[in-house]
2 protein chains.
Amino acid sequence: MTRKINVGIKDIGRAVGVSMMTVSRALRGVEGVSPAMRAEILRMAEVMDYRPNRTARSLASARSSLIGISIPTLFSDVFPEILDGMRATLSHAGFDTVIDTTDYDRSREAAWVERMLDWNAAGLVLSGIDHAPEMRDHLRALQIPTLEIWDVCDDPIDICVGVDHHAAGEMLGRHLIACGYRRPAFVSVPEGRDRRADKRLAGLRASFEAAGVAEMMVERVDRRAAFVAGAVGTEALLNRPGPRPDVIAYLNDHMAFGGLSVCERLELPVPQAVGIAGFNGLELNTVLPRPITTVRTPLNAMGVTGARNLVARMNGAVVVRSIIMPTRLQEGDTTWAVGASAA
Amino acid sequence: MTRKINVGIKDIGRAVGVSMMTVSRALRGVEGVSPAMRAEILRMAEVMDYRPNRTARSLASARSSLIGISIPTLFSDVFPEILDGMRATLSHAGFDTVIDTTDYDRSREAAWVERMLDWNAAGLVLSGIDHAPEMRDHLRALQIPTLEIWDVCDDPIDICVGVDHHAAGEMLGRHLIACGYRRPAFVSVPEGRDRRADKRLAGLRASFEAAGVAEMMVERVDRRAAFVAGAVGTEALLNRPGPRPDVIAYLNDHMAFGGLSVCERLELPVPQAVGIAGFNGLELNTVLPRPITTVRTPLNAMGVTGARNLVARMNGAVVVRSIIMPTRLQEGDTTWAVGASAA
């Protein structure tokens with residue numbers, strides 16, 4: 001394989017004992033590297049036969065029409081919806097897109113980004129705002145147009161468009177408290193994998209704590225299909241010793257639907273015995289035998305807004321760095337009406 | 001955008017009035033083009049400032065580690081599962097992959113393939129075996145390693161690994177007849193969009209016709225989310241005047257599950273009032289309140305087998321051109337047991 005003989009800036013960094021970012025700066029002649037260090041890096045690049053031009057860089061002066069998009073997984077109902085709006089807008093503006101998945105692995109994401117830079121991409125789209133710090137620094141140093149999508153912060157790599165997941169979790173928590181729930185549970189994936197889900201849980205927890213409920217049962221399931229994960233997590237929760245939760249919130253609607261199916265099979269009436277709440281307000285919810293209480297997120301519009309801003313950014317326009325898209329609570333039949341008692 | 005000023009072989013072909021394939025042959029000096037025509041094409045390429053090297057072709061002599069994968073849509077439960085096995089194998093063998101989606105549009109697929117050729121891809125993966133004829137001819141002429149995945153035929157572009165969808169439909173049909181069903185219906189997407197689904201329907205129809213049942217009610221729904229499409233299609237079927245179908249088969253398990261949910265909401269007992277059958281045997285089925293009768297397809301194994309063959313092919317090995325993976329009927333609770341009457 002060519003791959004094995006291709007030397008990357010990571011290899012040079014390892015050989016010299018400096019970061020990828022330092023190598024990149026030295027090779028590009030950007031400030032921030034001492035002349036001695038730069039000489040050493042250039043020497044090593046020659047020794048190792050580093051070829052920055054191995055793909056598209058020979059055309060670095062030409063404008064590329066390529067945008068690299070990194071998403072965590074294809075097993076998702078969120079990213080196809082976001083990408084749908086995003087890619088239509090990018091394609092209309094004359095850009096080609098290529099996708100890769102990271103399986104929630106930061107080093108795979110960083111490797112993909114490096115490849116996109118080798119290919120002279122005009123812009124990058126990354127999922128979420130939690131990346132390898134070195135990669136963030138590198139992209140900032142290169143000043144390449146980069147859109148972080150689905151999550152927001154005050155200080156993105158370049159620009160970001162997303163929802164405030166902590167605030168969305170808090171909003172759901174306040175609603176469930178108003179419904180009268182006091183023994184909450186949350187079903188999610190393993191901690192740290194989906195940072196957005198962890199933020200929503202933190203927000204949910206904050207609302208319950210503010211209402212004097214300190215305990216939150218959390219069940220984490222490592223299954224890919226969301227419906228399956230929701231079902232498995234709900235069974236595990238209901239099999240725990242001690243009092244049963246009076247409401248279960250889920251990472252997303254599909255997991256909630258899996259949980260709802262388990263409750264039906266066990267003949268646990270919803271919301272009488274237990275409440276069920278999802279997240280995202282996916283199309284699924286419009287045809288369910290009973291709509292699930294959820295938080296609607298504007299996935300398609302988020303993709304369109306993000307893509308427009310990225311195009312503006314690539315055209316050199318000054319754009320708002322961080323855009324928070326609105327979410328809203330959507331009451332279904334799977335939780336008590338506000339004011340009713342869950343006890 | 002650079003895109004607009006980049007001249008492709010399609011543009012040259014249009015200018016000269018010949019096919020993309022002819023242009024490609026002429027530019028590469030492959031036989032099959034008259035000297036006069038070749039001269040005219042080379043002249044036009046110069047006039048139009050065609051640059052074959054605009055991305056990776058400058059390294060055409062070097063071995064590329066890039067594989068381009070084309071799938072119809074991200075809104076699928078089949079392709080992520082196939083790609084999961086495929087990409088693990090390709091990555092292990094040292095290959096990088098990039099994905100694009102075609103939205104079931106042949107011309108978009110052909111454009112993606114052209115881009116991958118510009119990028120000097122080492123190999124290609126295409127979904128299904130139904131492509132634009134000109135693209136097929138072009139790839140055959142170039143002799144680039146190409147894997148067609150998920151469907152099979154005797155004469156693939158290069159190699160193919162998939163299931164025989166017509167035979168799978170027939171197998172399901174024979175089973176439903178053995179169960180005693182005589183008023184079948186099928187819920188799918190618009191005709192021609194998913195060729196594999198159309199082949200399964202043809203197989204299903206053939207089995208029922210062989211048993212003397214000529215009529216098959218077919219409902220086609222244009223909704224992206226499979227669960228939603230299944231629900232909408234089932235409602236439309238049940239609202240038709242005339243006798244109700246005694247069994248409904250669906251494009252896949254998720255659609256079948258959507259249909260099952262509608263039957264439950266309408267208090268139509270399954271399988272007493274109507275039978276339900278899916279396709280693929282997805283993981284979903286293992287946690288459903290009641291398992292759906294389905295046809296299991298070895299999606300992950302198909303991806304692995306396909307990837308191994310593609311790697312062997314790229315290494316110059318002679319491989320079996322067409323591999324049919326086995327499918328098997330999986331009885332669930334949503335159809336009568338064999339021999340029972342549906343009437």
# chains A, B, ... in the order shown; residues from 1 in each chain; ligands from 1
>>> residues_around(residues="segment 271-285 of chain A", least_positions_apart="6", cutoff="9 Å", atoms="only C-alpha atoms", output="tab-separated table (two decimals) with N, CA, C and O atoms, in the first residue's frame")
chain	number	residue	atom	x	y	z
A	77	ASP	N	-30.07	8.82	13.19
A	77	ASP	CA	-31.20	9.45	12.53
A	77	ASP	C	-31.04	10.95	12.50
A	77	ASP	O	-31.78	11.64	11.83
A	78	VAL	N	-30.05	11.45	13.21
A	78	VAL	CA	-29.83	12.89	13.29
A	78	VAL	C	-28.98	13.38	12.13
A	78	VAL	O	-29.34	14.32	11.44
A	172	LEU	N	-36.37	20.23	29.18
A	172	LEU	CA	-37.11	18.98	29.35
A	172	LEU	C	-37.28	18.67	30.83
A	172	LEU	O	-38.37	18.27	31.26
A	176	LEU	N	-40.75	18.04	32.95
A	176	LEU	CA	-41.06	16.79	33.65
A	176	LEU	C	-41.38	17.05	35.13
A	176	LEU	O	-42.23	16.39	35.71
A	181	TYR	N	-43.21	14.59	37.99
A	181	TYR	CA	-42.26	13.47	38.13
A	181	TYR	C	-41.17	13.80	39.15
A	181	TYR	O	-40.71	14.93	39.22
A	244	ARG	N	-39.04	1.92	41.33
A	244	ARG	CA	-39.01	2.08	39.89
A	244	ARG	C	-38.99	3.57	39.55
A	244	ARG	O	-39.62	4.37	40.24
A	245	PRO	N	-38.29	3.97	38.47
A	245	PRO	CA	-38.37	5.38	38.06
A	245	PRO	C	-39.81	5.73	37.69
A	245	PRO	O	-40.56	4.86	37.24
A	246	ASP	N	-40.22	6.98	37.90
A	246	ASP	CA	-41.57	7.36	37.45
A	246	ASP	C	-41.54	8.01	36.06
A	246	ASP	O	-42.59	8.20	35.45
A	247	VAL	N	-40.33	8.34	35.58
A	247	VAL	CA	-40.23	8.83	34.20
A	247	VAL	C	-38.85	8.46	33.66
A	247	VAL	O	-37.86	8.49	34.38
A	248	ILE	N	-38.81	8.06	32.38
A	248	ILE	CA	-37.53	7.72	31.74
A	248	ILE	C	-37.34	8.60	30.52
A	248	ILE	O	-38.19	8.63	29.62
A	249	ALA	N	-36.23	9.35	30.51
A	249	ALA	CA	-35.87	10.15	29.33
A	249	ALA	C	-34.78	9.39	28.57
A	249	ALA	O	-34.02	8.62	29.16
A	250	TYR	N	-34.77	9.60	27.26
A	250	TYR	CA	-33.86	8.84	26.39
A	250	TYR	C	-33.04	9.77	25.53
A	250	TYR	O	-33.44	10.90	25.25
A	251	LEU	N	-31.92	9.25	25.07
A	251	LEU	CA	-31.01	10.00	24.19
A	251	LEU	C	-31.75	10.53	22.96
A	251	LEU	O	-31.50	11.63	22.50
A	252	ASN	N	-32.68	9.74	22.41
A	252	ASN	CA	-33.43	10.21	21.25
A	252	ASN	C	-34.78	9.50	21.14
A	252	ASN	O	-35.09	8.60	21.94
A	253	ASP	N	-35.58	9.90	20.17
A	253	ASP	CA	-36.93	9.36	20.01
A	253	ASP	C	-36.93	7.86	19.73
A	253	ASP	O	-37.81	7.13	20.20
A	254	HIS	N	-35.97	7.40	18.93
A	254	HIS	CA	-35.95	5.97	18.59
A	254	HIS	C	-35.70	5.13	19.83
A	254	HIS	O	-36.31	4.08	20.01
A	255	MET	N	-34.80	5.58	20.67
A	255	MET	CA	-34.56	4.85	21.92
A	255	MET	C	-35.80	4.89	22.79
A	255	MET	O	-36.17	3.89	23.41
A	256	ALA	N	-36.46	6.06	22.84
A	256	ALA	CA	-37.68	6.19	23.63
A	256	ALA	C	-38.75	5.22	23.13
A	256	ALA	O	-39.48	4.60	23.91
A	257	PHE	N	-38.82	5.08	21.81
A	257	PHE	CA	-39.81	4.18	21.21
A	257	PHE	C	-39.50	2.73	21.58
A	257	PHE	O	-40.41	1.94	21.87
A	259	GLY	N	-38.07	1.87	24.33
A	259	GLY	CA	-38.48	1.77	25.73
A	259	GLY	C	-39.99	1.63	25.86
A	259	GLY	O	-40.49	0.82	26.66
A	260	LEU	N	-40.71	2.40	25.07
A	260	LEU	CA	-42.17	2.33	25.08
A	260	LEU	C	-42.66	0.93	24.72
A	260	LEU	O	-43.59	0.39	25.34
A	263	CYS	N	-42.31	-1.34	27.69
A	263	CYS	CA	-43.37	-1.09	28.68
A	263	CYS	C	-44.68	-1.76	28.24
A	263	CYS	O	-45.39	-2.35	29.06
A	291	PRO	N	-47.95	9.62	20.11
A	291	PRO	CA	-46.78	10.50	20.04
A	291	PRO	C	-46.02	10.54	21.36
A	291	PRO	O	-46.60	10.53	22.43
A	292	ILE	N	-44.70	10.57	21.25
A	292	ILE	CA	-43.82	10.60	22.41
A	292	ILE	C	-43.52	12.05	22.77
A	292	ILE	O	-43.29	12.89	21.89
A	293	THR	N	-43.52	12.36	24.06
A	293	THR	CA	-43.08	13.68	24.52
A	293	THR	C	-41.60	13.84	24.17
A	293	THR	O	-40.80	12.95	24.45
A	294	THR	N	-41.26	14.95	23.54
A	294	THR	CA	-39.90	15.08	23.02
A	294	THR	C	-39.49	16.55	22.96
A	294	THR	O	-40.28	17.44	23.26
A	295	VAL	N	-38.25	16.80	22.59
A	295	VAL	CA	-37.75	18.16	22.35
A	295	VAL	C	-37.42	18.26	20.87
A	295	VAL	O	-36.59	17.50	20.37
A	296	ARG	N	-38.10	19.14	20.18
A	296	ARG	CA	-37.86	19.26	18.73
A	296	ARG	C	-36.58	20.05	18.47
A	296	ARG	O	-36.38	21.13	19.00
A	297	THR	N	-35.74	19.50	17.59
A	297	THR	CA	-34.54	20.21	17.16
A	297	THR	C	-34.65	20.45	15.66
A	297	THR	O	-35.07	19.57	14.92
A	298	PRO	N	-34.26	21.63	15.18
A	298	PRO	CA	-34.43	21.97	13.75
A	298	PRO	C	-33.28	21.42	12.93
A	298	PRO	O	-32.42	22.17	12.47
A	299	LEU	N	-33.26	20.09	12.71
A	299	LEU	CA	-32.09	19.45	12.11
A	299	LEU	C	-31.83	19.92	10.68
A	299	LEU	O	-30.71	20.29	10.33
A	327	THR	N	-34.82	25.26	20.10
A	327	THR	CA	-35.47	23.97	20.32
A	327	THR	C	-36.80	24.24	21.02
A	327	THR	O	-36.99	25.31	21.60
A	329	LEU	N	-40.16	22.28	23.33
A	329	LEU	CA	-40.76	21.10	23.93
A	329	LEU	C	-42.03	20.72	23.20
A	329	LEU	O	-42.84	21.59	22.86
A	330	GLN	N	-42.20	19.45	22.91
A	330	GLN	CA	-43.37	18.96	22.21
A	330	GLN	C	-44.04	17.90	23.07
A	330	GLN	O	-43.52	16.79	23.22
A	332	GLY	N	-46.32	14.97	24.21
A	332	GLY	CA	-46.98	13.82	23.60
A	332	GLY	C	-47.92	13.16	24.59
A	332	GLY	O	-48.33	13.77	25.57
A	333	ASP	N	-48.25	11.90	24.31
A	333	ASP	CA	-49.16	11.16	25.21
A	333	ASP	C	-48.41	10.30	26.21
A	333	ASP	O	-49.02	9.54	26.94
A	334	THR	N	-47.08	10.39	26.21
A	334	THR	CA	-46.31	9.45	27.03
A	334	THR	C	-45.86	10.05	28.36
A	334	THR	O	-45.10	9.42	29.10
A	335	THR	N	-46.30	11.28	28.64
A	335	THR	CA	-46.06	11.87	29.97
A	335	THR	C	-47.38	12.47	30.45
A	335	THR	O	-48.27	12.77	29.65
A	336	TRP	N	-47.50	12.64	31.77
A	336	TRP	CA	-48.68	13.30	32.32
A	336	TRP	C	-48.78	14.72	31.79
A	336	TRP	O	-47.76	15.32	31.47
A	342	ALA	N	-47.73	12.31	39.02
A	342	ALA	CA	-47.20	11.04	38.51
A	342	ALA	C	-47.22	9.98	39.60
A	342	ALA	O	-46.93	8.83	39.35
A	343	ALA	N	-47.49	10.37	40.82
A	343	ALA	CA	-47.35	9.42	41.94
A	343	ALA	C	-48.54	8.47	42.03
A	343	ALA	O	-49.53	8.65	41.33
B	225	ALA	N	-38.34	8.24	5.85
B	225	ALA	CA	-38.22	7.39	7.03
B	225	ALA	C	-39.02	6.11	6.81
B	225	ALA	O	-40.22	6.15	6.53
B	226	ALA	N	-38.34	4.98	6.93
B	226	ALA	CA	-38.96	3.70	6.58
B	226	ALA	C	-40.19	3.40	7.44
B	226	ALA	O	-41.22	2.95	6.93
B	227	PHE	N	-40.09	3.65	8.73
B	227	PHE	CA	-41.21	3.38	9.62
B	227	PHE	C	-42.45	4.18	9.17
B	227	PHE	O	-43.56	3.65	9.10
B	228	VAL	N	-42.22	5.42	8.83
B	228	VAL	CA	-43.29	6.30	8.38
B	228	VAL	C	-43.88	5.80	7.06
B	228	VAL	O	-45.10	5.72	6.90
>>> select_by_dssp(residues="segment 104-220 of chain A", states="strand (DSSP E or B)", output="short mmCIF file (atom, residue, chain, number, x, y, z; two decimals) with all heavy atoms, in the first residue's frame")
data_model
loop_
_atom_site.label_atom_id
_atom_site.label_comp_id
_atom_site.auth_asym_id
_atom_site.auth_seq_id
_atom_site.Cartn_x
_atom_site.Cartn_y
_atom_site.Cartn_z
N GLY A 123 -13.09 23.60 2.58
CA GLY A 123 -13.70 23.78 3.88
C GLY A 123 -13.94 22.44 4.55
O GLY A 123 -13.86 21.39 3.92
N LEU A 124 -14.22 22.51 5.86
CA LEU A 124 -14.45 21.29 6.63
C LEU A 124 -15.73 21.43 7.43
O LEU A 124 -16.08 22.52 7.88
CB LEU A 124 -13.30 21.07 7.62
CG LEU A 124 -11.91 20.79 7.05
CD1 LEU A 124 -10.90 20.79 8.19
CD2 LEU A 124 -11.92 19.43 6.35
N VAL A 125 -16.43 20.31 7.61
CA VAL A 125 -17.56 20.27 8.53
C VAL A 125 -17.27 19.19 9.57
O VAL A 125 -17.00 18.04 9.22
CB VAL A 125 -18.89 19.95 7.81
CG1 VAL A 125 -20.02 19.90 8.81
CG2 VAL A 125 -19.18 20.97 6.70
N LEU A 126 -17.30 19.56 10.83
CA LEU A 126 -17.06 18.59 11.91
C LEU A 126 -18.32 18.48 12.75
O LEU A 126 -19.05 19.45 12.94
CB LEU A 126 -15.90 19.06 12.79
CG LEU A 126 -14.58 19.35 12.07
CD1 LEU A 126 -13.56 19.90 13.07
CD2 LEU A 126 -14.06 18.07 11.41
N SER A 127 -18.59 17.30 13.28
CA SER A 127 -19.75 17.10 14.13
C SER A 127 -19.40 17.43 15.57
O SER A 127 -18.44 16.88 16.12
CB SER A 127 -20.23 15.65 14.04
OG SER A 127 -20.60 15.35 12.72
N THR A 146 -14.03 26.28 8.68
CA THR A 146 -14.46 25.06 9.37
C THR A 146 -15.79 25.31 10.06
O THR A 146 -15.92 26.27 10.83
CB THR A 146 -13.42 24.62 10.42
OG1 THR A 146 -12.17 24.42 9.77
CG2 THR A 146 -13.84 23.34 11.13
N LEU A 147 -16.75 24.48 9.77
CA LEU A 147 -18.06 24.57 10.42
C LEU A 147 -18.20 23.43 11.43
O LEU A 147 -18.07 22.27 11.08
CB LEU A 147 -19.18 24.46 9.38
CG LEU A 147 -20.60 24.23 9.91
CD1 LEU A 147 -21.11 25.46 10.67
CD2 LEU A 147 -21.55 23.87 8.77
N GLU A 148 -18.44 23.78 12.69
CA GLU A 148 -18.80 22.77 13.68
C GLU A 148 -20.33 22.77 13.77
O GLU A 148 -20.94 23.81 13.99
CB GLU A 148 -18.14 23.07 15.02
CG GLU A 148 -16.63 22.87 14.98
CD GLU A 148 -15.93 23.44 16.22
OE1 GLU A 148 -15.73 24.68 16.23
OE2 GLU A 148 -15.62 22.67 17.15
N ILE A 149 -20.92 21.60 13.58
CA ILE A 149 -22.37 21.55 13.47
C ILE A 149 -22.98 20.71 14.60
O ILE A 149 -22.35 19.77 15.08
CB ILE A 149 -22.79 20.97 12.08
CG1 ILE A 149 -24.27 21.22 11.77
CG2 ILE A 149 -22.46 19.49 11.97
CD1 ILE A 149 -24.56 22.51 11.08
N TRP A 150 -24.17 21.08 15.05
CA TRP A 150 -25.00 20.29 15.98
C TRP A 150 -24.79 20.70 17.43
O TRP A 150 -25.67 20.56 18.25
CB TRP A 150 -24.78 18.79 15.73
CG TRP A 150 -25.57 17.77 16.48
CD1 TRP A 150 -25.12 16.55 16.90
CD2 TRP A 150 -26.96 17.81 16.89
NE1 TRP A 150 -26.11 15.85 17.54
CE2 TRP A 150 -27.25 16.60 17.55
CE3 TRP A 150 -27.96 18.77 16.79
CZ2 TRP A 150 -28.50 16.31 18.10
CZ3 TRP A 150 -29.22 18.48 17.34
CH2 TRP A 150 -29.47 17.26 17.97
N ASP A 151 -23.62 21.27 17.77
CA ASP A 151 -23.39 21.76 19.12
C ASP A 151 -22.81 23.17 19.00
O ASP A 151 -22.35 23.56 17.94
CB ASP A 151 -22.42 20.84 19.85
CG ASP A 151 -22.52 20.98 21.37
OD1 ASP A 151 -23.28 21.85 21.85
OD2 ASP A 151 -21.84 20.22 22.08
N ILE A 159 -16.42 28.63 12.81
CA ILE A 159 -17.83 28.98 13.01
C ILE A 159 -18.59 27.73 13.47
O ILE A 159 -18.17 26.61 13.20
CB ILE A 159 -18.49 29.54 11.72
CG1 ILE A 159 -18.37 28.54 10.56
CG2 ILE A 159 -17.87 30.86 11.34
CD1 ILE A 159 -19.17 28.93 9.32
N CYS A 160 -19.69 27.94 14.18
CA CYS A 160 -20.51 26.80 14.59
C CYS A 160 -22.00 27.15 14.53
O CYS A 160 -22.39 28.31 14.69
CB CYS A 160 -20.12 26.32 15.99
SG CYS A 160 -20.48 27.46 17.33
N VAL A 161 -22.79 26.13 14.21
CA VAL A 161 -24.25 26.25 14.20
C VAL A 161 -24.80 25.00 14.87
O VAL A 161 -24.48 23.89 14.46
CB VAL A 161 -24.81 26.35 12.77
CG1 VAL A 161 -26.34 26.38 12.80
CG2 VAL A 161 -24.28 27.59 12.05
N GLY A 162 -25.60 25.19 15.92
CA GLY A 162 -26.13 24.01 16.60
C GLY A 162 -27.16 24.37 17.63
O GLY A 162 -27.68 25.49 17.63
N VAL A 163 -27.48 23.42 18.49
CA VAL A 163 -28.40 23.73 19.59
C VAL A 163 -27.62 23.67 20.90
O VAL A 163 -26.56 23.07 20.98
CB VAL A 163 -29.61 22.76 19.64
CG1 VAL A 163 -30.32 22.70 18.29
CG2 VAL A 163 -29.21 21.37 20.08
N PRO A 184 -36.61 10.41 38.32
CA PRO A 184 -36.21 10.36 36.90
C PRO A 184 -35.12 9.33 36.60
O PRO A 184 -34.32 8.98 37.48
CB PRO A 184 -35.67 11.77 36.66
CG PRO A 184 -35.10 12.16 37.98
CD PRO A 184 -36.01 11.55 39.03
N ALA A 185 -35.12 8.88 35.36
CA ALA A 185 -34.05 8.02 34.86
C ALA A 185 -33.69 8.47 33.44
O ALA A 185 -34.47 9.15 32.77
CB ALA A 185 -34.49 6.56 34.86
N PHE A 186 -32.49 8.09 32.99
CA PHE A 186 -32.03 8.48 31.66
C PHE A 186 -31.35 7.28 31.02
O PHE A 186 -30.54 6.61 31.66
CB PHE A 186 -31.05 9.66 31.78
CG PHE A 186 -30.69 10.32 30.46
CD1 PHE A 186 -31.62 11.14 29.82
CD2 PHE A 186 -29.44 10.14 29.87
CE1 PHE A 186 -31.30 11.77 28.60
CE2 PHE A 186 -29.11 10.77 28.66
CZ PHE A 186 -30.05 11.59 28.04
N VAL A 187 -31.71 7.00 29.77
CA VAL A 187 -31.08 5.89 29.03
C VAL A 187 -30.26 6.49 27.90
O VAL A 187 -30.77 7.28 27.10
CB VAL A 187 -32.13 4.90 28.48
CG1 VAL A 187 -31.44 3.79 27.68
CG2 VAL A 187 -32.95 4.31 29.61
N SER A 188 -28.98 6.13 27.86
CA SER A 188 -28.06 6.73 26.90
C SER A 188 -27.03 5.71 26.43
O SER A 188 -27.14 4.51 26.73
CB SER A 188 -27.38 7.93 27.56
OG SER A 188 -26.63 8.68 26.63
N MET A 217 -31.35 8.05 38.03
CA MET A 217 -30.86 6.73 37.60
C MET A 217 -30.39 6.85 36.16
O MET A 217 -31.10 7.40 35.32
CB MET A 217 -31.98 5.70 37.67
CG MET A 217 -32.29 5.24 39.09
SD MET A 217 -33.73 4.14 39.15
CE MET A 217 -34.98 5.33 39.69
N VAL A 218 -29.21 6.36 35.86
CA VAL A 218 -28.70 6.43 34.49
C VAL A 218 -28.31 5.04 34.01
O VAL A 218 -27.60 4.31 34.71
CB VAL A 218 -27.49 7.37 34.39
CG1 VAL A 218 -26.97 7.43 32.96
CG2 VAL A 218 -27.86 8.77 34.87
N GLU A 219 -28.85 4.67 32.88
CA GLU A 219 -28.52 3.37 32.28
C GLU A 219 -27.85 3.64 30.94
O GLU A 219 -28.37 4.38 30.12
CB GLU A 219 -29.83 2.56 32.09
CG GLU A 219 -29.64 1.13 31.70
CD GLU A 219 -28.96 0.29 32.78
OE1 GLU A 219 -29.31 0.46 33.98
OE2 GLU A 219 -28.08 -0.51 32.43
N ARG A 220 -26.69 3.03 30.75
CA ARG A 220 -25.95 3.27 29.50
C ARG A 220 -25.80 1.96 28.73
O ARG A 220 -25.40 0.96 29.29
CB ARG A 220 -24.58 3.86 29.82
CG ARG A 220 -24.69 5.27 30.42
CD ARG A 220 -23.33 5.85 30.73
NE ARG A 220 -23.47 7.19 31.31
CZ ARG A 220 -23.61 8.29 30.59
NH1 ARG A 220 -23.67 8.22 29.28
NH2 ARG A 220 -23.71 9.48 31.18
#
>>> closest_residue(among="B:Val152, B:Val47, B:Leu201, B:Val262", to="chain A", atoms="only C-alpha atoms")
B:Val262
>>> atom_distance(atom1="atom CA of Leu27 of chain B", atom2="atom CA of Arg106 of chain B")
24.3 Å
>>> residues_around(residues="Met171 of chain B", least_positions_apart="3", cutoff="9 Å", atoms="only C-alpha atoms", output="short mmCIF file (atom, residue, chain, number, x, y, z; two decimals) with all heavy atoms, in the first residue's frame")
data_model
loop_
_atom_site.label_atom_id
_atom_site.label_comp_id
_atom_site.auth_asym_id
_atom_site.auth_seq_id
_atom_site.Cartn_x
_atom_site.Cartn_y
_atom_site.Cartn_z
N HIS B 166 -34.56 -11.43 -6.61
CA HIS B 166 -35.72 -12.10 -7.20
C HIS B 166 -35.97 -13.43 -6.48
O HIS B 166 -37.09 -13.74 -6.08
CB HIS B 166 -35.51 -12.30 -8.71
CG HIS B 166 -36.75 -12.70 -9.45
ND1 HIS B 166 -37.23 -13.99 -9.45
CD2 HIS B 166 -37.64 -11.97 -10.18
CE1 HIS B 166 -38.33 -14.05 -10.18
NE2 HIS B 166 -38.61 -12.82 -10.63
N ALA B 167 -34.90 -14.21 -6.30
CA ALA B 167 -35.03 -15.51 -5.62
C ALA B 167 -35.50 -15.33 -4.17
O ALA B 167 -36.30 -16.13 -3.66
CB ALA B 167 -33.69 -16.24 -5.65
N ALA B 168 -35.03 -14.27 -3.51
CA ALA B 168 -35.45 -14.02 -2.13
C ALA B 168 -36.94 -13.70 -2.08
O ALA B 168 -37.67 -14.18 -1.19
CB ALA B 168 -34.64 -12.87 -1.53
N ARG B 174 -43.33 -18.25 -1.68
CA ARG B 174 -43.66 -19.67 -1.46
C ARG B 174 -44.05 -19.90 -0.01
O ARG B 174 -44.98 -20.64 0.29
CB ARG B 174 -42.47 -20.55 -1.84
CG ARG B 174 -42.29 -20.74 -3.35
CD ARG B 174 -41.32 -21.90 -3.66
NE ARG B 174 -40.02 -21.71 -3.01
CZ ARG B 174 -39.00 -21.04 -3.57
NH1 ARG B 174 -39.13 -20.51 -4.77
NH2 ARG B 174 -37.86 -20.91 -2.93
N HIS B 175 -43.34 -19.23 0.90
CA HIS B 175 -43.66 -19.40 2.32
C HIS B 175 -45.06 -18.86 2.63
O HIS B 175 -45.85 -19.51 3.32
CB HIS B 175 -42.62 -18.68 3.18
CG HIS B 175 -42.93 -18.76 4.65
ND1 HIS B 175 -42.72 -19.90 5.39
CD2 HIS B 175 -43.46 -17.84 5.51
CE1 HIS B 175 -43.12 -19.69 6.64
NE2 HIS B 175 -43.56 -18.45 6.74
N LEU B 176 -45.38 -17.69 2.10
CA LEU B 176 -46.68 -17.08 2.40
C LEU B 176 -47.81 -17.92 1.81
O LEU B 176 -48.89 -18.04 2.40
CB LEU B 176 -46.72 -15.64 1.87
CG LEU B 176 -45.72 -14.68 2.53
CD1 LEU B 176 -45.82 -13.28 1.91
CD2 LEU B 176 -45.91 -14.60 4.06
N GLY B 203 -40.25 -11.34 -7.77
CA GLY B 203 -40.12 -12.73 -7.30
C GLY B 203 -41.34 -13.15 -6.49
O GLY B 203 -41.86 -14.26 -6.65
N LEU B 204 -41.78 -12.27 -5.63
CA LEU B 204 -42.97 -12.53 -4.80
C LEU B 204 -44.18 -12.79 -5.69
O LEU B 204 -44.93 -13.75 -5.53
CB LEU B 204 -43.21 -11.30 -3.91
CG LEU B 204 -44.24 -11.38 -2.79
CD1 LEU B 204 -43.77 -12.29 -1.68
CD2 LEU B 204 -44.50 -9.97 -2.21
N SER B 207 -44.13 -16.19 -7.46
CA SER B 207 -44.56 -17.33 -6.62
C SER B 207 -46.07 -17.38 -6.49
O SER B 207 -46.68 -18.45 -6.56
CB SER B 207 -43.94 -17.22 -5.22
OG SER B 207 -42.60 -17.62 -5.26
N VAL B 295 -37.00 -12.12 5.77
CA VAL B 295 -35.96 -12.86 5.06
C VAL B 295 -34.62 -12.29 5.53
O VAL B 295 -34.36 -11.10 5.37
CB VAL B 295 -36.09 -12.70 3.53
CG1 VAL B 295 -34.91 -13.36 2.82
CG2 VAL B 295 -37.39 -13.30 3.04
N ARG B 328 -32.16 -16.44 4.13
CA ARG B 328 -33.01 -17.50 4.66
C ARG B 328 -34.27 -16.93 5.29
O ARG B 328 -34.27 -15.81 5.83
CB ARG B 328 -32.22 -18.40 5.61
CG ARG B 328 -32.13 -17.98 7.02
CD ARG B 328 -31.27 -18.96 7.84
NE ARG B 328 -30.78 -18.29 9.02
CZ ARG B 328 -31.56 -17.99 10.05
NH1 ARG B 328 -32.83 -18.30 10.06
NH2 ARG B 328 -31.06 -17.34 11.10
N LEU B 329 -35.32 -17.69 5.17
CA LEU B 329 -36.59 -17.25 5.72
C LEU B 329 -36.59 -17.37 7.24
O LEU B 329 -36.13 -18.37 7.78
CB LEU B 329 -37.74 -18.09 5.14
CG LEU B 329 -39.05 -17.38 5.42
CD1 LEU B 329 -39.61 -16.81 4.14
CD2 LEU B 329 -40.03 -18.30 6.10
#
>>> closest_residue(among="B:Arg290, B:Arg195, B:Ser107, B:Leu117", to="Glu264 of chain A", atoms="only C-alpha atoms")
B:Arg290
